There are 2 protein chains.
Amino acid sequence: MNSNEELIVGFNIPAEIGMKEEQICTPALLIDLEAFERNVQTMGAFISKHGVRLRAHAKTHKSIDIARYQVEHGGACGICCQKVSEAEALVNAGIRDVLVSNQVVNYRQLDRLARLAGRARVIVCVDDPANIGDLSNAAAAHGVRIECLVEIDCGAGRCGVAWGQPAVDLAVEITDGEGLSFSGLQAYHGPAQHIHDFAERRAAVGQAIQQVAHTVAMLKERGLECEIIGGAGTGTYYFEGTSNIYNELQCGSYIFMDVDYQRVLDAEGKPISEFANALFVYTSVMSHTRPDTAICDAGLKVLSVDSGLPRIHGRDDIEYTSCSDEHGVVADPDGVLSLNDKIKLIPGHCDPTCNLFDWYVGVRNGAVECIWPVTARGMSL
Amino acid sequence: MNSNEELIVGFNIPAEIGMKEEQICTPALLIDLEAFERNVQTMGAFISKHGVRLRAHAKTHKSIDIARYQVEHGGACGICCQKVSEAEALVNAGIRDVLVSNQVVNYRQLDRLARLAGRARVIVCVDDPANIGDLSNAAAAHGVRIECLVEIDCGAGRCGVAWGQPAVDLAVEITDGEGLSFSGLQAYHGPAQHIHDFAERRAAVGQAIQQVAHTVAMLKERGLECEIIGGAGTGTYYFEGTSNIYNELQCGSYIFMDVDYQRVLDAEGKPISEFANALFVYTSVMSHTRPDTAICDAGLKVLSVDSGLPRIHGRDDIEYTSCSDEHGVVADPDGVLSLNDKIKLIPGHCDPTCNLFDWYVGVRNGAVECIWPVTARGMSL
């Protein structure tokens, strides 16, 4: 074993640069680099055309290599993430402008967030007066400024205060907090991303846009400007991006896509098609003792099935029908598969699937071009 | 920040030894050490009483600390795992007897398996003649002996050949393979573990036991002895363990339990009760803007929901009702929760949930006693 091979074994890296795709050890998480780059460019063209900013969401990929690519080649003004530990990984990698698009309430995480604000622009979401006090104490203790967005619940039923007066009240409290500044609104409608019907999806986001517009106007009356009016995801970015209200889009999944996003339909009732599948779980047939069924080595520990099972890419003669922890069952009615055959699975849900892996294997023209760590994999603090 | 704190931040460790439970950063994966130790002892007493061996399954915990504890204090004769990379972690930690209770077919993993067989007793499952040739080549190349179990499909519909003659034929081929030896049968009925009804579960395992008994007899006629007749899990071990046929039980979940195993019923129609819940995802209320709903910081990236949502431990006034990537929605009809309140979730499915974390936080009498890495977390090669 040479030292390169030792490294690969020690860190459980499934591939070597230059290797042919079919030599990659499985299960592995592949990026089709051409599709990925095209997706990044497509979103870059959209924001450029419509005069909005993109703050690309790292919760999808948790990768510093991809975050840097989005900033350097995809027009992103900065990066979003959901956790302080993710923000640390991004700032350590040189990202200078990070929004934790979530509440931070534990005292240790608050302390870490404040330390980070001494090293980069750090923005966080707020929906509770008690949290404003804690954030202010942390910022003051470290002599830093933390920018705050008031999160409004614009229909998702998750975090956020009601639009209108409750949001204005919080914004005023923020401006009173030592070490804090009010930077705008967070208004992300998560469930709307996955409303498959176009008209229903547009209606849900339309309502959110109205609520945001009213709140922005009320803030203006109080003399408070929103530098950032942020939200949107891969399923709805067109609506927020052309609203003349939102100015920062927080799309994440557009770089990879997944089975669930393929169910989201455009105005003509066809799957949204501007982004291509660029993420695959690469798997091998590991058992084939019955003529019509193969067993592959990709199960629950490498695929998040919360949004449904994966689809097999580029083939309609075989189907992934069920899974257990380390196995997938593949219907093979014509018996076309053999032991060690490779299959590319499109994950049901890309974000939690990426979080199961340590390495991305970037592939172009059938060969491994790069290996990127899933830098913030498992970072949930 | 002292060096201890630096370490904790750098590795995203959610706790310090000695800390009170309520100070642990969330989300975190807790072990109730008292319940865990009692579970290990209960299984140890069972195998001792019934004269069978326990080869405890590390696919559940992926922890060298827990594997060692099962061998040193729980009567385990050795450890099972599902992946070569898991086996490497176990052998590196001093475990001397490891069964990869799965097929290994990729050439790099075969090479790694053979290298490992130079350092410890290594056993693997086989269900395909082509695989026997590959295993033999790998063993011969490294001058080692790999022990093989013929896996039979005793009702799970996953890997394994049919019982009877196909199994005997494979066993004969193994004895002919350079560097290989035939060590017995693998007959694990995965789905039977989760058949909730007692009589149905007993019937499914009863059929498997018959198939195994027939196959063992046929092998004997060919002069082939089964040193290991292995299978069983937490839902069915009583049946295999008292069958007088199986001699090695491969239980994993018994140390932790989960919501799905609590649905498995005993002969009286009550949940099986010999093992206690010892594993919890510890979470904080991070948003509570509506009176009847709290949002906690445990979602899909720290909980596998393939077998259903988690249950809240020890409380019936609140309920975990849905989740997204980083959030859980908790129904709080009486408004009893406040920001930063802690909740203990019993995961729906323990194995893939453990695989989402880097650290176990062991708790006793309300304080942190130990912090164990999830050593083989994400090791799927």
# chains A, B, ... in the order shown; residues from 1 in each chain; ligands from 1
call {"tool": "residues_around", "arguments": {"residues": "Gly51 of chain B", "least_positions_apart": "5", "cutoff": "9 Å", "atoms": "only C-alpha atoms", "output": "list in words"}}
result
Phe46, Gly241, Thr242 and Asn247 of chain B
call {"tool": "write_last_selection", "arguments": {"atoms": "N, CA, C and O atoms", "output": "compact mmCIF listing (two decimals), in the first residue's frame"}}
result
# COMPACT_ATOMS: atom_id res chain seq x y z
N PHE B 46 -29.31 -13.75 29.95
CA PHE B 46 -30.07 -14.63 29.05
C PHE B 46 -29.15 -15.65 28.38
O PHE B 46 -29.44 -16.85 28.36
N GLY B 241 -32.64 -18.04 20.58
CA GLY B 241 -31.79 -18.37 21.73
C GLY B 241 -32.23 -19.62 22.48
O GLY B 241 -31.45 -20.21 23.22
N THR B 242 -33.49 -20.02 22.30
CA THR B 242 -33.99 -21.24 22.95
C THR B 242 -34.30 -22.32 21.93
O THR B 242 -35.00 -23.29 22.23
N ASN B 247 -26.60 -20.92 17.71
CA ASN B 247 -25.68 -20.84 18.85
C ASN B 247 -25.05 -19.45 19.04
O ASN B 247 -24.32 -19.23 19.99
call {"tool": "residues_around", "arguments": {"residues": "Leu339 of chain B", "least_positions_apart": "3", "cutoff": "12 Å", "atoms": "only C-alpha atoms", "output": "JSON, numbers by chain"}}
result
{"A": [103, 104, 105, 106, 107, 127, 128, 129, 130, 131, 134, 159], "B": [283, 284, 285, 286, 287, 288, 289, 290, 291, 293, 294, 295, 296, 297, 335, 336, 342, 343]}
call {"tool": "residues_around", "arguments": {"residues": "segment 141-150 of chain B", "least_positions_apart": "3", "cutoff": "7 Å", "atoms": "only C-alpha atoms", "output": "ChimeraX atom specification"}}
result
/B:114-115,117-118,122-127,137-138,167,170-171,179-186
call {"tool": "select_by_dssp", "arguments": {"residues": "segment 112-238 of chain B", "states": "helix (DSSP H, G or I)", "output": "JSON, numbers by chain"}}
result
{"B": [112, 113, 114, 115, 116, 129, 130, 131, 132, 133, 134, 135, 136, 137, 138, 139, 140, 141, 142, 165, 166, 167, 168, 169, 170, 171, 172, 173, 174, 175, 176, 191, 192, 193, 194, 198, 199, 200, 201, 202, 203, 204, 205, 206, 207, 208, 209, 210, 211, 212, 213, 214, 215, 216, 217, 218, 219, 220, 221, 237, 238]}
call {"tool": "closest_residue", "arguments": {"among": "B:Ser273, B:Asn355, B:Ser322, B:Gln70", "to": "chain A", "atoms": "only C-alpha atoms"}}
result
B:Asn355
call {"tool": "residues_around", "arguments": {"residues": "Val281 of chain B", "least_positions_apart": "6", "cutoff": "12 Å", "atoms": "only C-alpha atoms", "output": "ChimeraX atom specification"}}
result
/B:14,24-32,256,258,296-304,310-313,328,342-350,353-354,356-357,359-362
call {"tool": "residues_around", "arguments": {"residues": "Gly233 of chain B", "least_positions_apart": "6", "cutoff": "8 Å", "atoms": "only C-alpha atoms", "output": "list in words"}}
result
Tyr188, Gly190, Gln193, Leu249, Gln250, Cys251, Gly252 and Ser253 of chain B
call {"tool": "residues_around", "arguments": {"residues": "Val52 of chain A", "least_positions_apart": "6", "cutoff": "12 Å", "atoms": "only C-alpha atoms", "output": "number ranges by chain"}}
result
A: 43-46, 75-77, 228-232, 237-250
call {"tool": "select_by_dssp", "arguments": {"residues": "segment 49-161 of chain B", "states": "strand (DSSP E)", "output": "ChimeraX atom specification"}}
result
/B:53-57,76-81,97-100,121-126,146-151
call {"tool": "closest_residue", "arguments": {"among": "B:Asp65, B:Asp317, B:Glu151, B:Glu225", "to": "chain A", "atoms": "only C-alpha atoms"}}
result
B:Glu151
call {"tool": "atom_distance", "arguments": {"atom1": "atom CA of Asn12 of chain B", "atom2": "atom CA of Leu113 of chain A"}}
result
13.6 Å
call {"tool": "closest_residue", "arguments": {"among": "A:Gly74, A:Pro191, A:Gly314, A:Gly378", "to": "chain B", "atoms": "only C-alpha atoms"}}
result
A:Gly378
call {"tool": "atom_distance", "arguments": {"atom1": "atom CA of Ala376 of chain B", "atom2": "atom CA of Pro352 of chain B"}}
result
12.1 Å
call {"tool": "residues_around", "arguments": {"residues": "Trp163 of chain A", "least_positions_apart": "6", "cutoff": "7 Å", "atoms": "only C-alpha atoms", "output": "MDAnalysis selection string"}}
result
chainID A and resid 152:153 211:212 215
call {"tool": "closest_residue", "arguments": {"among": "A:Val71, A:Leu309, A:Leu54, A:Ala213", "to": "Val259 of chain A", "atoms": "only C-alpha atoms"}}
result
A:Leu309
